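K.L.:
Below: one structure in structure tokens.
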Amino acid sequence: MATAAPSAASRIAVVTGASSGIGAATARQLAAAGYRVVLTARRKDRIEALAEEINAAGHAATAYQLDVTDRTAVDEFATAFKTVAVLVNNAGGALGADPVATGDPADWRTMYETNVLGTLNLTQALLPKLEAGGDGTIVVVSSTAGHATYEGGAGYVAAKHGAHVLAETLRLEIVGTPVRVIEIAPGMVKTDEFALTRFGGDKEKADKVYEGVAEPLTADDVAETITWAVTRPSHVNIDLLIVRPRAQASNTKVYRERP
């Protein structure tokens, strides 16, 4: 007789890049759905504060400072678990908006290491734990940048294409195992830090990204989408879900209201 999957309350969900934005919102929503969330990020104070908030709300959360590009640290982190139910590979980000001709190779390298190698590191380290639980889910938070190009975004686009291909290939390679691979690809999401980080703290440039867009997506919108996909019945795999605000028809076609 098949053994029933354990309840969410006894299952662990690891969320990378959980110190802000989509990662923090996803941690909150998975905790509310009953998972024991493990928050990872480089900013220890942020994830510790979030863990306290989640625990105070009656849910379960633990903070673990982690740089996803540090493979030794990732492997050490993985030894803490016998099984893991969910891995949300959310750590990433964009740097700069320069054309290919003048793009900074250091920025390109950082984006590739975080968005692609960081996802690879966590996935490789935790895949045996996800399989051991008998009902695992890997989520790769990519971007619409992983599915279409746009001027001034080649470094980020290349990195997110890499994340997309990683998810797509992994799904082919592990079919038949008790692990799902889900890719969530958000379009324009307005968070406190994404655009600001991309433009080196230049608030004026960051604000222009969303100028005239009445309702870009929020971190909660994307987190709700991730949580919905994760909580589908085990036999249901959401291979790829692209989510954009209504005002955005493509990476380069956005309706902006006039002042």
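The chains in the structure tokens are called A, B, ... from first to last as shown; in each chain the residues are counted from 1, and the ligands are counted from 1 in the order shown.
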Can you pull out the residues contacting stretch 110-122 of chain A? Cut-off 10 Å, using only C-alpha atoms, and skip same-chain residues under 5 positions away; I want them as a PyMOL selection string.
P.N.:
chain A and resi 14+16+67-75+77-78+87-95+105+127+138-142+155-167
K.L.:
Can you list, as a list in words, every protein, DNA or RNA residue that comes within 12 Å of A:Lys208 when you count only C-alpha atoms, leaving out same-chain residues fewer than 3 positions away?
P.N.:
Lys190, Ala195, Leu196, Phe199, Asp202, Lys203, Glu204, Lys205, Glu211, Gly212, Val213 and Arg256 of chain A
K.L.:
Please list as a CSV table (one decimal) with all heavy atoms, in the first residue's frame every residue within 8 Å of A:Thr137, counting only C-alpha atoms and excluding residues in the same chain fewer than 4 positions away.
P.N.:
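Written out: part_21.csv:
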chain,number,residue,atom,x,y,z
A,85,ALA,N,11.0,19.1,1.2
A,85,ALA,CA,9.8,19.0,0.4
A,85,ALA,C,9.8,20.0,-0.8
A,85,ALA,O,9.4,19.7,-1.9
A,85,ALA,CB,8.6,19.2,1.2
A,86,VAL,N,10.3,21.2,-0.5
A,86,VAL,CA,10.3,22.3,-1.6
A,86,VAL,C,11.6,23.1,-1.5
A,86,VAL,O,12.1,23.4,-0.5
A,86,VAL,CB,9.1,23.2,-1.3
A,86,VAL,CG1,9.1,24.3,-2.4
A,86,VAL,CG2,7.8,22.5,-1.3
A,87,LEU,N,12.1,23.3,-2.7
A,87,LEU,CA,13.2,24.2,-2.9
A,87,LEU,C,12.8,25.3,-3.8
A,87,LEU,O,12.4,25.1,-5.0
A,87,LEU,CB,14.4,23.5,-3.4
A,87,LEU,CG,15.6,24.4,-4.0
A,87,LEU,CD1,16.1,25.3,-2.9
A,87,LEU,CD2,16.7,23.6,-4.6
A,130,LEU,N,15.3,16.0,-1.7
A,130,LEU,CA,13.9,16.1,-2.3
A,130,LEU,C,13.4,14.8,-2.7
A,130,LEU,O,12.3,14.4,-2.6
A,130,LEU,CB,14.0,17.1,-3.5
A,130,LEU,CG,14.2,18.6,-3.1
A,130,LEU,CD1,14.9,19.3,-4.1
A,130,LEU,CD2,12.8,19.2,-2.9
A,179,VAL,N,9.9,14.0,-8.0
A,179,VAL,CA,10.3,15.4,-7.8
A,179,VAL,C,9.8,16.2,-9.0
A,179,VAL,O,10.0,15.8,-10.2
A,179,VAL,CB,11.8,15.6,-7.7
A,179,VAL,CG1,12.2,17.1,-7.6
A,179,VAL,CG2,12.4,14.9,-6.5
A,180,ARG,N,9.0,17.2,-8.8
A,180,ARG,CA,8.5,18.1,-9.8
A,180,ARG,C,9.5,19.3,-10.1
A,180,ARG,O,10.2,19.7,-9.1
A,180,ARG,CB,7.1,18.7,-9.5
A,180,ARG,CG,6.1,17.7,-9.2
A,180,ARG,CD,4.7,18.3,-8.8
A,180,ARG,NE,4.8,19.1,-7.5
A,180,ARG,CZ,3.8,19.7,-7.0
A,180,ARG,NH1,2.6,19.7,-7.6
A,180,ARG,NH2,3.9,20.4,-5.9
A,181,VAL,N,9.5,19.8,-11.3
A,181,VAL,CA,10.3,21.0,-11.6
A,181,VAL,C,9.4,22.1,-12.2
A,181,VAL,O,8.8,21.9,-13.2
A,181,VAL,CB,11.4,20.7,-12.5
A,181,VAL,CG1,12.2,22.0,-12.8
A,181,VAL,CG2,12.3,19.6,-12.0
A,182,ILE,N,9.2,23.2,-11.4
A,182,ILE,CA,8.3,24.2,-11.8
A,182,ILE,C,9.1,25.5,-12.1
A,182,ILE,O,10.0,25.8,-11.4
A,182,ILE,CB,7.3,24.5,-10.7
A,182,ILE,CG1,6.4,23.3,-10.4
A,182,ILE,CG2,6.5,25.8,-10.9
A,182,ILE,CD1,5.6,23.4,-9.1
A,230,VAL,N,3.1,25.2,-6.1
A,230,VAL,CA,3.6,24.3,-5.2
A,230,VAL,C,2.6,23.4,-4.5
A,230,VAL,O,2.8,22.2,-4.2
A,230,VAL,CB,4.5,25.0,-4.1
A,230,VAL,CG1,4.8,24.1,-2.9
A,230,VAL,CG2,5.8,25.6,-4.7
K.L.:
Using Å and a single decimal, report how far atom CA of A:Pro233 sits from atom CA of A:Val84.
P.N.:
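So the answer is 17.0 Å.
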K.L.:
Using only C-alpha atoms, which of the listed residues (A:Thr191, A:Thr252, A:Ser143, A:Asn237) sits closest to A:Pro216?
P.N.:
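That would be A:Thr191, the residue with the smallest distance to A:Pro216.
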K.L.:
Any idea what the distance is between atom CA of A:Glu224 and atom CA of A:Glu173?
P.N.:
27.8 Å
K.L.:
Among the residues of stretch 189-248 of chain A, find those DSSP assigns to strand (DSSP E or B) from the backbone and print them as a PyMOL selection string.
P.N.:
chain A and resi 189+217+240-243+248
K.L.:
Taking the DSSP assignment computed from this structure's backbone, write out as a PyMOL selection string all residues of stretch 208-241 of chain A that belong to alpha helix (DSSP H).
P.N.:
chain A and resi 208-209+219-230
K.L.:
Between A:Ala51, A:Ala185, A:Ala219, A:Leu66, which is the closest to A:Asp239 once you count only C-alpha atoms?
P.N.:
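Using only C-alpha atoms, A:Asp239 sits closest to A:Ala185.
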K.L.:
Excluding A:Ala13 and its own-chain neighbours fewer than 4 positions away, which residues fall within 12 Å of it when counting only C-alpha atoms? Please give them as an MDAnalysis selection string.
P.N.:
chainID A and resid 8:9 18 23 26:40 60:63 81 83:89 126 129:130 133 136:139 227 230:231
K.L.:
Record the distance separating atom CA of A:Asn251 and atom CA of A:Ala97, expressed in Å with one decimal.
P.N.:
13.8 Å
K.L.:
Select, from A:Gly153, A:Pro178, A:Gly58, A:Pro259, the residue with the minimum atom-to-atom distance to A:Trp108, counting only C-alpha atoms.
P.N.:
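Looking at the shortest contact to A:Trp108, the residue is A:Gly153.
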